[in-house]
Amino acid sequence: MLSEIKRDYICQLAAKGKRVDGRKFDEPREIKIEKGVAKNAEGSALVKLGDTSVMVGVKMAPGEPYPDTQDSGVLTTSAELTPLASPTFESGPPSPEAIEIARVVDRGIRESKTVDFKKLCITKNEKVWVLFLDIHVLDYDGNLFDASSIGALSALTDTVVPAKRFEIGEDFKLEVEHYPVSCTSVKIGSAILLDPSLDEETVADARLTVSIDENGDIRAMQKGLNGSFTLDEVKSIINSSKIKGDRIRELIK
Amino acid sequence: MELIKDGKRIDGRSFDELRPIKIEAGVLKRADGSAYVEWGGNKVLAAVYGPREAQPRHIQNPTKAIVSCRYNMAAFSVSDRKRQGPDRRSVEISKIVSEALDRVIFTEQFPRATIDVYMEVLQADAGTRCTCLTAASVALADAGIPMRDFVSACAVGKVDGQIVLDLGKEEDNLGEADLPIAIMPRTGEILLLQMDGHLTMEEFNKAVTLGMNACMKIYEMQKEALMKKYTGD
């Protein structure tokens with residue numbers, strides 16, 4: 001919930017080309033990435049996007065492959081909106097919001113072939129590596145999509161496969177083959193704002209997340225909220241996501 | 001597997017050809033509005049209940065109606081039996097479909113109410129979310145819910161390097177990209193847009209144009225279905 005007066009203030013500012021925190025429309029908040037923050041995880045990262053804070057951990061263990069992909073490792077992504085991160089988060093089973101975040105991050109990694117899961121096969125038809133990617137939201141000040149996916153990619157680049165622990169050979173570094181970076185924009189009135197803060201997100205009519213790889217190709221998209229976009233708006237969001245994504249990619253690497 | 005041969009797709013369609021689509025409005029007795037859609041091998045029923053008082057009361061919005069959608073797949077709708085109840089995929093689809101429909105309904109006319117849209121996939125064959133949205137939109141109109149516009153949906157994808165319309169099962173499983181899109185046909189506003197896989201900018205532009213044109217065709221079929229029910233021809 002947001003007071004009417006603040007809502008009006010954000011909308012009026014947006015109509016004048018301004019934002020509450022003084023950023024330009026296409027300017028993301030400061031991004032801080034710290035890798036290797038959880039030593040019991042195979043890979044981990046703490047991402048701060050302004051005041052939004054998300055921790056992502058990778059755990060791996062041998063397991064059974066899916067029946068339809070007998071020669072590939074398995075990816076399991078989940079997101080937890082812990083009650084400590086916001087007065088509106090409740091404990092209990094995952095909310096639709098948490099599920100959407102987990103699935104968008106999961107698709108971003110899986111469909112863009114960020115990791116070649118064929119290389120995570122131990123014995124065909126029997127044993128493969130199962131990669132658990134857990135997104136833990138610690139402080140919620142908007143744009144969990146980007147914080148989570150930047151966190152996920154960072155944690156993957158930090159991951160060492162624990163083969164020795166399970167007596168299947170030597171440990172090896174997980175190979176990250178692509179670097180798709182997700183950028184989220186929201187629409188307030190007719191203004192398009194990159195990396196929305198919580199207040200901006202609350203006021204927004206529509207949201208679009210675009211994930212672009214190192215070659216400038218589109219790897220994933222997800223539109224959300226009740227509003228709509230015109231095709232021209234979608235195209236301009238893709239273009240600005242490409243430019244901003246390049247900078248974020250350097251931080252992750 | 002070869003998905004494209006001699007310029008034709010695995011089921012014999014051309015690149016910009018939709019699967020056969022049949023839409024019927026008002027098929028359920030108890031629901032306030034309903035629709036049945038067959039789209040290729042997809043068979044989907046949608047029912048609308050409401051506007052009715054939202055329960056429990058704390059979920060009520062004093063300024064507008066809630067649009068609450070439930071997308072559900074029957075256990076027998078897919079080749080490997082699906083466990084009953086919502087899984088993560090269903091929860092996500094329910095959420096984005098609710099958001100898309102919310103935009104076209106005049107929710108401000110029904111404060112404290114809920115408009116419930118139930119979608120049941122009886123037989124799945126790739127593209128169920130677009131089939132469900134298409135059905136839900138007809139069911140809402142059949143229920144007499146005041147709307148700004150229809151919602152028409154269709155998926156586009158990339159198969160063997162070609163941009164093709166309305167992916168079939170094999171194409172969906174083995175293709176390189178999938179892009180479901182839903183629009184308001186009168187204004188062209190985009191209500192639902194998802195993408196996974198790999199598309200260059202040019203491919204995206206081509207795909208989205210192809211998808212939006214197909215949505216216009218779906219729109220005509222939706223109107224026809226309603227006309228058929230309410231004018232009897």
# chains A, B, ... in the order shown; residues from 1 in each chain; ligands from 1
>>> residues_around(residues="stretch 79-89 of chain B", least_positions_apart="4", cutoff="10 Å", atoms="only C-alpha atoms", output="short mmCIF file (atom, residue, chain, number, x, y, z; two decimals) with N, CA and C atoms, in the first residue's frame")
data_model
loop_
_atom_site.label_atom_id
_atom_site.label_comp_id
_atom_site.auth_asym_id
_atom_site.auth_seq_id
_atom_site.Cartn_x
_atom_site.Cartn_y
_atom_site.Cartn_z
N SER A 78 14.30 -22.20 -6.78
CA SER A 78 13.20 -21.71 -5.95
C SER A 78 13.55 -20.36 -5.36
N PRO A 94 5.15 -20.91 -0.86
CA PRO A 94 5.53 -19.82 -1.75
C PRO A 94 4.33 -19.12 -2.40
N SER A 95 4.37 -17.81 -2.42
CA SER A 95 3.30 -17.01 -3.01
C SER A 95 3.44 -17.02 -4.53
N PRO A 96 2.38 -16.65 -5.26
CA PRO A 96 2.50 -16.56 -6.71
C PRO A 96 3.66 -15.66 -7.14
N ALA A 98 6.56 -15.22 -5.60
CA ALA A 98 7.81 -15.96 -5.44
C ALA A 98 7.96 -16.98 -6.56
N ILE A 99 6.85 -17.61 -6.89
CA ILE A 99 6.90 -18.64 -7.93
C ILE A 99 7.22 -18.02 -9.29
N GLU A 100 6.63 -16.85 -9.56
CA GLU A 100 6.92 -16.19 -10.83
C GLU A 100 8.40 -15.83 -10.93
N ALA A 102 10.96 -17.22 -9.37
CA ALA A 102 11.76 -18.43 -9.52
C ALA A 102 11.69 -18.96 -10.94
N ARG A 103 10.50 -18.94 -11.51
CA ARG A 103 10.34 -19.51 -12.84
C ARG A 103 10.97 -18.63 -13.93
N ARG B 70 -7.92 -19.07 -12.46
CA ARG B 70 -7.30 -20.33 -12.09
C ARG B 70 -7.11 -21.16 -13.34
N TYR B 71 -5.84 -21.39 -13.67
CA TYR B 71 -5.50 -22.23 -14.81
C TYR B 71 -5.20 -23.61 -14.24
N ASN B 72 -5.85 -24.61 -14.76
CA ASN B 72 -5.64 -25.94 -14.21
C ASN B 72 -5.58 -26.97 -15.34
N MET B 73 -4.67 -27.93 -15.20
CA MET B 73 -4.59 -29.00 -16.19
C MET B 73 -5.17 -30.27 -15.60
N ALA B 74 -6.03 -30.91 -16.34
CA ALA B 74 -6.55 -32.20 -15.89
C ALA B 74 -5.42 -33.22 -15.85
N ALA B 75 -5.52 -34.15 -14.90
CA ALA B 75 -4.45 -35.14 -14.73
C ALA B 75 -4.19 -35.92 -16.02
N ILE B 93 1.01 -19.16 -14.61
CA ILE B 93 0.10 -18.86 -15.72
C ILE B 93 -1.17 -18.19 -15.19
N SER B 94 -1.70 -18.69 -14.07
CA SER B 94 -2.88 -18.08 -13.47
C SER B 94 -2.62 -16.61 -13.19
N LYS B 95 -1.45 -16.31 -12.69
CA LYS B 95 -1.12 -14.94 -12.31
C LYS B 95 -1.06 -14.03 -13.55
N GLN B 123 -7.22 -31.29 -22.70
CA GLN B 123 -6.25 -31.97 -23.56
C GLN B 123 -5.22 -30.92 -23.96
N ALA B 124 -3.95 -31.23 -23.74
CA ALA B 124 -2.90 -30.23 -23.98
C ALA B 124 -2.06 -30.60 -25.19
N ASP B 125 -1.75 -29.57 -26.00
CA ASP B 125 -0.97 -29.82 -27.21
C ASP B 125 -0.17 -28.57 -27.59
#
>>> closest_atom_pairs(of="chain B", to="chain A", cutoff="8 Å", atoms="only C-alpha atoms", output="CSV")
residue,atom,partner,partner_atom,distance
B:Arg88,CA,A:Ile99,CA,6.1
B:Arg89,CA,A:Arg103,CA,7.8
B:Val91,CA,A:Pro96,CA,6.0
B:Glu92,CA,A:Glu100,CA,5.4
B:Lys95,CA,A:Pro96,CA,6.9
B:Ile96,CA,A:Gly224,CA,6.4
B:Glu99,CA,A:Asn226,CA,4.4
B:Ala100,CA,A:Asn226,CA,5.9
B:Leu101,CA,A:Asn226,CA,7.8
B:Asp102,CA,A:Asn226,CA,5.9
B:Arg103,CA,A:Asn226,CA,5.3
B:Gly188,CA,A:Thr230,CA,6.8
B:Glu189,CA,A:Thr230,CA,4.9
B:Ile190,CA,A:Phe229,CA,5.0
B:Leu191,CA,A:Ser228,CA,4.9
B:Leu192,CA,A:Lys223,CA,5.9
B:Leu193,CA,A:Lys223,CA,5.1
B:Gln194,CA,A:Gln222,CA,4.4
B:Met195,CA,A:Met221,CA,4.5
B:Asp196,CA,A:Ala220,CA,4.3
B:Gly197,CA,A:Glu111,CA,4.8
B:His198,CA,A:Arg219,CA,4.7
B:Leu199,CA,A:Ile218,CA,5.1
B:Thr200,CA,A:Asp217,CA,4.5
B:Met201,CA,A:Asp217,CA,6.4
B:Phe204,CA,A:Ile218,CA,7.9
>>> residues_around(residues="A:His136", least_positions_apart="4", cutoff="10 Å", atoms="only C-alpha atoms", output="PyMOL selection string")
chain A and resi 46+53-57+78-82+85+148+151
>>> write_last_selection(atoms="N, CA, C and O atoms", output="PDB file, in the first residue's frame")
ATOM      1  N   LEU A  46      25.822 -12.373  -3.066  1.00  0.00           N
ATOM      2  CA  LEU A  46      24.932 -11.417  -2.421  1.00  0.00           C
ATOM      3  C   LEU A  46      24.856 -10.220  -3.358  1.00  0.00           C
ATOM      4  O   LEU A  46      25.871  -9.635  -3.707  1.00  0.00           O
ATOM      5  N   SER A  53      18.096  -6.319  -1.486  1.00  0.00           N
ATOM      6  CA  SER A  53      19.199  -7.219  -1.204  1.00  0.00           C
ATOM      7  C   SER A  53      18.738  -8.669  -1.349  1.00  0.00           C
ATOM      8  O   SER A  53      17.744  -9.067  -0.760  1.00  0.00           O
ATOM      9  N   VAL A  54      19.457  -9.407  -2.173  1.00  0.00           N
ATOM     10  CA  VAL A  54      19.086 -10.791  -2.455  1.00  0.00           C
ATOM     11  C   VAL A  54      20.322 -11.664  -2.367  1.00  0.00           C
ATOM     12  O   VAL A  54      21.381 -11.314  -2.885  1.00  0.00           O
ATOM     13  N   MET A  55      20.184 -12.798  -1.701  1.00  0.00           N
ATOM     14  CA  MET A  55      21.288 -13.739  -1.640  1.00  0.00           C
ATOM     15  C   MET A  55      20.900 -14.993  -2.406  1.00  0.00           C
ATOM     16  O   MET A  55      19.785 -15.488  -2.276  1.00  0.00           O
ATOM     17  N   VAL A  56      21.827 -15.472  -3.218  1.00  0.00           N
ATOM     18  CA  VAL A  56      21.546 -16.658  -4.010  1.00  0.00           C
ATOM     19  C   VAL A  56      22.614 -17.704  -3.720  1.00  0.00           C
ATOM     20  O   VAL A  56      23.805 -17.393  -3.696  1.00  0.00           O
ATOM     21  N   GLY A  57      22.187 -18.918  -3.479  1.00  0.00           N
ATOM     22  CA  GLY A  57      23.122 -19.998  -3.215  1.00  0.00           C
ATOM     23  C   GLY A  57      22.894 -21.163  -4.151  1.00  0.00           C
ATOM     24  O   GLY A  57      21.769 -21.453  -4.545  1.00  0.00           O
ATOM     25  N   SER A  78      14.304 -22.196  -6.780  1.00  0.00           N
ATOM     26  CA  SER A  78      13.202 -21.713  -5.954  1.00  0.00           C
ATOM     27  C   SER A  78      13.550 -20.362  -5.356  1.00  0.00           C
ATOM     28  O   SER A  78      14.717 -20.016  -5.204  1.00  0.00           O
ATOM     29  N   ALA A  79      12.508 -19.605  -5.043  1.00  0.00           N
ATOM     30  CA  ALA A  79      12.707 -18.285  -4.454  1.00  0.00           C
ATOM     31  C   ALA A  79      11.905 -18.196  -3.178  1.00  0.00           C
ATOM     32  O   ALA A  79      10.782 -18.685  -3.108  1.00  0.00           O
ATOM     33  N   GLU A  80      12.517 -17.613  -2.175  1.00  0.00           N
ATOM     34  CA  GLU A  80      11.807 -17.435  -0.918  1.00  0.00           C
ATOM     35  C   GLU A  80      11.760 -15.954  -0.573  1.00  0.00           C
ATOM     36  O   GLU A  80      12.794 -15.298  -0.492  1.00  0.00           O
ATOM     37  N   LEU A  81      10.535 -15.440  -0.430  1.00  0.00           N
ATOM     38  CA  LEU A  81      10.383 -14.059  -0.005  1.00  0.00           C
ATOM     39  C   LEU A  81      10.259 -14.092   1.511  1.00  0.00           C
ATOM     40  O   LEU A  81       9.171 -14.183   2.065  1.00  0.00           O
ATOM     41  N   THR A  82      11.386 -14.057   2.180  1.00  0.00           N
ATOM     42  CA  THR A  82      11.380 -14.260   3.625  1.00  0.00           C
ATOM     43  C   THR A  82      10.702 -13.082   4.334  1.00  0.00           C
ATOM     44  O   THR A  82      10.836 -11.940   3.912  1.00  0.00           O
ATOM     45  N   ALA A  85      12.206  -9.618   4.977  1.00  0.00           N
ATOM     46  CA  ALA A  85      12.547  -8.688   3.904  1.00  0.00           C
ATOM     47  C   ALA A  85      11.519  -7.580   3.697  1.00  0.00           C
ATOM     48  O   ALA A  85      11.827  -6.573   3.074  1.00  0.00           O
ATOM     49  N   SER A 148      17.427 -10.921  -8.448  1.00  0.00           N
ATOM     50  CA  SER A 148      17.489 -12.377  -8.375  1.00  0.00           C
ATOM     51  C   SER A 148      18.259 -12.963  -9.549  1.00  0.00           C
ATOM     52  O   SER A 148      19.059 -13.879  -9.384  1.00  0.00           O
ATOM     53  N   GLY A 151      21.879 -12.186  -9.253  1.00  0.00           N
ATOM     54  CA  GLY A 151      22.392 -13.038  -8.188  1.00  0.00           C
ATOM     55  C   GLY A 151      22.602 -14.470  -8.642  1.00  0.00           C
ATOM     56  O   GLY A 151      23.621 -15.098  -8.346  1.00  0.00           O
TER      57      GLY A 151
END
>>> residues_around(residues="A:Lys119", least_positions_apart="3", cutoff="9 Å", atoms="only C-alpha atoms", output="PyMOL selection string")
chain A and resi 71-73+115-116+122+175
>>> write_last_selection(atoms="all heavy atoms", output="short mmCIF file (atom, residue, chain, number, x, y, z; two decimals), in the first residue's frame")
data_model
loop_
_atom_site.label_atom_id
_atom_site.label_comp_id
_atom_site.auth_asym_id
_atom_site.auth_seq_id
_atom_site.Cartn_x
_atom_site.Cartn_y
_atom_site.Cartn_z
N ASP A 71 20.58 -37.60 -20.38
CA ASP A 71 22.00 -37.30 -20.40
C ASP A 71 22.30 -35.88 -19.92
O ASP A 71 23.36 -35.35 -20.21
CB ASP A 71 22.54 -37.50 -21.83
CG ASP A 71 21.80 -36.63 -22.83
OD1 ASP A 71 20.72 -36.11 -22.46
OD2 ASP A 71 22.29 -36.45 -23.95
N SER A 72 21.36 -35.28 -19.19
CA SER A 72 21.55 -33.90 -18.75
C SER A 72 21.37 -33.75 -17.26
O SER A 72 20.53 -34.44 -16.66
CB SER A 72 20.53 -32.98 -19.43
OG SER A 72 20.80 -32.87 -20.78
N GLY A 73 22.13 -32.81 -16.70
CA GLY A 73 21.93 -32.46 -15.30
C GLY A 73 20.57 -31.81 -15.09
O GLY A 73 19.87 -31.50 -16.04
N VAL A 115 24.25 -22.62 -18.74
CA VAL A 115 25.09 -23.74 -18.34
C VAL A 115 24.75 -24.89 -19.28
O VAL A 115 23.57 -25.12 -19.58
CB VAL A 115 24.78 -24.15 -16.88
CG1 VAL A 115 25.51 -25.43 -16.51
CG2 VAL A 115 25.16 -23.04 -15.93
N ASP A 116 25.77 -25.59 -19.77
CA ASP A 116 25.50 -26.75 -20.61
C ASP A 116 25.24 -27.95 -19.69
O ASP A 116 26.17 -28.54 -19.13
CB ASP A 116 26.70 -27.03 -21.52
CG ASP A 116 26.43 -28.18 -22.47
OD1 ASP A 116 25.36 -28.82 -22.34
OD2 ASP A 116 27.30 -28.45 -23.31
N ILE A 122 26.65 -37.61 -15.08
CA ILE A 122 27.69 -38.46 -14.46
C ILE A 122 27.68 -39.83 -15.14
O ILE A 122 28.68 -40.24 -15.73
CB ILE A 122 27.47 -38.60 -12.93
CG1 ILE A 122 27.45 -37.21 -12.29
CG2 ILE A 122 28.58 -39.46 -12.32
CD1 ILE A 122 26.93 -37.16 -10.88
N GLU A 175 31.11 -24.48 -15.70
CA GLU A 175 31.36 -23.63 -16.85
C GLU A 175 30.12 -22.81 -17.18
O GLU A 175 29.06 -23.38 -17.42
CB GLU A 175 31.71 -24.52 -18.04
CG GLU A 175 32.80 -23.96 -18.90
CD GLU A 175 33.20 -24.96 -19.96
OE1 GLU A 175 33.59 -26.11 -19.60
OE2 GLU A 175 33.07 -24.60 -21.13
#
>>> closest_residue(among="A:Thr52, A:Gln12, A:Ser86, A:Thr202", to="A:Val186", atoms="only C-alpha atoms")
A:Thr202
>>> closest_residue(among="B:Ser137, B:Ser68, B:Asn205, B:Ser90", to="B:Val121", atoms="only C-alpha atoms")
B:Ser90
>>> closest_residue(among="A:Cys11, A:Ala147, A:Val37, A:Val128", to="A:Asp51", atoms="only C-alpha atoms")
A:Ala147
>>> residues_around(residues="stretch 207-214 of chain B", least_positions_apart="4", cutoff="8 Å", atoms="only C-alpha atoms", output="number ranges by chain")
B: 16, 18, 154-157, 163-165, 179, 181-183, 188, 203, 218
>>> select_by_dssp(residues="stretch 13-208 of chain A", states="helix (DSSP H, G or I)", output="PyMOL selection string")
chain A and resi 13-15+83-85+96-110+117-120+144-157+198-203
>>> write_last_selection(atoms="N, CA and C atoms", output="CSV table (one decimal), in the first residue's frame")
chain,number,residue,atom,x,y,z
A,13,LEU,N,6.0,13.5,-11.0
A,13,LEU,CA,7.4,13.6,-11.3
A,13,LEU,C,7.7,12.9,-12.6
A,14,ALA,N,7.1,11.6,-12.8
A,14,ALA,CA,7.4,10.9,-14.0
A,14,ALA,C,6.9,11.6,-15.2
A,15,ALA,N,5.8,12.3,-15.1
A,15,ALA,CA,5.3,13.0,-16.2
A,15,ALA,C,6.2,14.2,-16.6
A,83,PRO,N,10.0,-13.4,5.4
A,83,PRO,CA,9.2,-12.3,6.1
A,83,PRO,C,10.1,-11.2,6.7
A,84,LEU,N,11.4,-11.5,6.8
A,84,LEU,CA,12.3,-10.4,7.3
A,84,LEU,C,12.6,-9.3,6.2
A,85,ALA,N,12.2,-9.6,5.0
A,85,ALA,CA,12.5,-8.7,3.9
A,85,ALA,C,11.5,-7.6,3.7
A,96,PRO,N,2.4,-16.6,-5.3
A,96,PRO,CA,2.5,-16.6,-6.7
A,96,PRO,C,3.7,-15.7,-7.1
A,97,GLU,N,3.9,-14.6,-6.4
A,97,GLU,CA,5.0,-13.7,-6.7
A,97,GLU,C,6.4,-14.4,-6.7
A,98,ALA,N,6.6,-15.2,-5.6
A,98,ALA,CA,7.8,-16.0,-5.4
A,98,ALA,C,8.0,-17.0,-6.6
A,99,ILE,N,6.9,-17.6,-6.9
A,99,ILE,CA,6.9,-18.6,-7.9
A,99,ILE,C,7.2,-18.0,-9.3
A,100,GLU,N,6.6,-16.8,-9.6
A,100,GLU,CA,6.9,-16.2,-10.8
A,100,GLU,C,8.4,-15.8,-10.9
A,101,ILE,N,9.0,-15.3,-9.9
A,101,ILE,CA,10.4,-14.9,-9.9
A,101,ILE,C,11.2,-16.1,-10.1
A,102,ALA,N,11.0,-17.2,-9.4
A,102,ALA,CA,11.8,-18.4,-9.5
A,102,ALA,C,11.7,-19.0,-10.9
A,103,ARG,N,10.5,-18.9,-11.5
A,103,ARG,CA,10.3,-19.5,-12.8
A,103,ARG,C,11.0,-18.6,-13.9
A,104,VAL,N,10.9,-17.3,-13.7
A,104,VAL,CA,11.5,-16.4,-14.7
A,104,VAL,C,13.0,-16.6,-14.7
A,105,VAL,N,13.6,-16.7,-13.5
A,105,VAL,CA,15.1,-16.9,-13.4
A,105,VAL,C,15.4,-18.2,-13.9
A,106,ASP,N,14.7,-19.2,-13.6
A,106,ASP,CA,14.9,-20.6,-14.1
A,106,ASP,C,14.9,-20.7,-15.6
A,107,ARG,N,13.9,-20.1,-16.2
A,107,ARG,CA,13.9,-20.1,-17.7
A,107,ARG,C,15.0,-19.3,-18.3
A,108,GLY,N,15.4,-18.2,-17.7
A,108,GLY,CA,16.5,-17.4,-18.1
A,108,GLY,C,17.8,-18.2,-18.2
A,109,ILE,N,18.0,-19.1,-17.2
A,109,ILE,CA,19.2,-19.9,-17.2
A,109,ILE,C,19.1,-21.1,-18.1
A,110,ARG,N,18.0,-21.8,-18.0
A,110,ARG,CA,17.7,-23.0,-18.7
A,110,ARG,C,17.7,-22.8,-20.3
A,117,PHE,N,24.0,-28.3,-19.5
A,117,PHE,CA,23.6,-29.3,-18.6
A,117,PHE,C,24.1,-30.7,-19.0
A,118,LYS,N,24.4,-30.9,-20.3
A,118,LYS,CA,25.0,-32.1,-20.7
A,118,LYS,C,26.3,-32.4,-20.0
A,119,LYS,N,27.0,-31.3,-19.7
A,119,LYS,CA,28.3,-31.5,-19.0
A,119,LYS,C,28.1,-31.9,-17.6
A,120,LEU,N,26.9,-31.9,-17.1
A,120,LEU,CA,26.6,-32.3,-15.7
A,120,LEU,C,26.0,-33.7,-15.6
A,144,LEU,N,12.8,-7.3,-7.8
A,144,LEU,CA,13.4,-8.6,-7.4
A,144,LEU,C,13.8,-9.4,-8.6
A,145,PHE,N,13.2,-9.2,-9.7
A,145,PHE,CA,13.5,-9.9,-10.9
A,145,PHE,C,15.0,-9.8,-11.3
A,146,ASP,N,15.4,-8.5,-11.3
A,146,ASP,CA,16.8,-8.2,-11.7
A,146,ASP,C,17.8,-8.7,-10.7
A,147,ALA,N,17.5,-8.3,-9.4
A,147,ALA,CA,18.4,-8.7,-8.3
A,147,ALA,C,18.5,-10.2,-8.3
A,148,SER,N,17.4,-10.9,-8.4
A,148,SER,CA,17.5,-12.4,-8.4
A,148,SER,C,18.3,-13.0,-9.5
A,149,SER,N,18.0,-12.4,-10.8
A,149,SER,CA,18.7,-13.1,-11.9
A,149,SER,C,20.2,-12.7,-11.9
A,150,ILE,N,20.5,-11.5,-11.5
A,150,ILE,CA,21.9,-11.1,-11.4
A,150,ILE,C,22.6,-12.0,-10.4
A,151,GLY,N,21.9,-12.2,-9.3
A,151,GLY,CA,22.4,-13.0,-8.2
A,151,GLY,C,22.6,-14.5,-8.6
A,152,ALA,N,21.6,-15.0,-9.4
A,152,ALA,CA,21.7,-16.4,-9.9
A,152,ALA,C,22.9,-16.5,-10.8
A,153,LEU,N,23.1,-15.6,-11.7
A,153,LEU,CA,24.2,-15.7,-12.7
A,153,LEU,C,25.5,-15.6,-11.9
A,154,SER,N,25.6,-14.6,-11.0
A,154,SER,CA,26.8,-14.5,-10.2
A,154,SER,C,27.2,-15.7,-9.4
A,155,ALA,N,26.1,-16.3,-8.8
A,155,ALA,CA,26.4,-17.5,-8.0
A,155,ALA,C,26.9,-18.6,-8.9
A,156,LEU,N,26.3,-18.7,-10.1
A,156,LEU,CA,26.8,-19.8,-11.0
A,156,LEU,C,28.2,-19.6,-11.4
A,157,THR,N,28.6,-18.4,-11.6
A,157,THR,CA,30.0,-18.1,-12.0
A,157,THR,C,31.0,-18.5,-10.8
A,198,LEU,N,10.8,0.2,-5.0
A,198,LEU,CA,9.5,-0.4,-4.5
A,198,LEU,C,8.3,0.5,-4.8
A,199,ASP,N,8.5,1.8,-4.5
A,199,ASP,CA,7.4,2.8,-4.6
A,199,ASP,C,7.0,2.9,-6.1
A,200,GLU,N,8.0,2.9,-7.0
A,200,GLU,CA,7.7,3.0,-8.4
A,200,GLU,C,7.0,1.8,-8.9
A,201,GLU,N,7.5,0.6,-8.4
A,201,GLU,CA,6.9,-0.6,-8.8
A,201,GLU,C,5.4,-0.7,-8.3
A,202,THR,N,5.1,-0.1,-7.2
A,202,THR,CA,3.8,-0.2,-6.6
A,202,THR,C,2.8,0.7,-7.4
A,203,VAL,N,3.4,1.8,-8.0
A,203,VAL,CA,2.5,2.7,-8.7
A,203,VAL,C,2.4,2.3,-10.2
>>> decode(residues="stretch 141-152 of chain B", atoms="N, CA and C atoms", output="compact mmCIF listing (two decimals), in the first residue's frame")
# COMPACT_ATOMS: atom_id res chain seq x y z
N ALA B 141 -17.10 -12.18 -22.04
CA ALA B 141 -18.09 -11.48 -22.85
C ALA B 141 -19.43 -12.19 -22.74
N ASP B 142 -19.40 -13.51 -22.73
CA ASP B 142 -20.62 -14.31 -22.60
C ASP B 142 -21.30 -14.05 -21.25
N ALA B 143 -20.49 -13.75 -20.23
CA ALA B 143 -21.05 -13.48 -18.90
C ALA B 143 -21.58 -12.05 -18.81
N GLY B 144 -21.40 -11.28 -19.85
CA GLY B 144 -21.90 -9.91 -19.85
C GLY B 144 -21.07 -8.97 -19.02
N ILE B 145 -19.82 -9.31 -18.78
CA ILE B 145 -18.93 -8.44 -18.01
C ILE B 145 -18.51 -7.28 -18.91
N PRO B 146 -18.68 -6.03 -18.43
CA PRO B 146 -18.28 -4.90 -19.29
C PRO B 146 -16.77 -4.87 -19.53
N MET B 147 -16.41 -4.82 -20.80
CA MET B 147 -14.98 -4.90 -21.15
C MET B 147 -14.59 -3.79 -22.13
N ARG B 148 -13.34 -3.35 -22.02
CA ARG B 148 -12.80 -2.36 -22.95
C ARG B 148 -12.59 -2.97 -24.31
N ASP B 149 -12.22 -4.25 -24.31
CA ASP B 149 -11.81 -4.89 -25.54
C ASP B 149 -11.73 -6.40 -25.29
N PHE B 150 -11.52 -7.15 -26.34
CA PHE B 150 -11.24 -8.57 -26.19
C PHE B 150 -9.78 -8.77 -25.79
N VAL B 151 -9.44 -10.00 -25.46
CA VAL B 151 -8.04 -10.39 -25.38
C VAL B 151 -7.86 -11.52 -26.39
N SER B 152 -6.94 -11.33 -27.30
CA SER B 152 -6.66 -12.37 -28.28
C SER B 152 -5.19 -12.75 -28.16
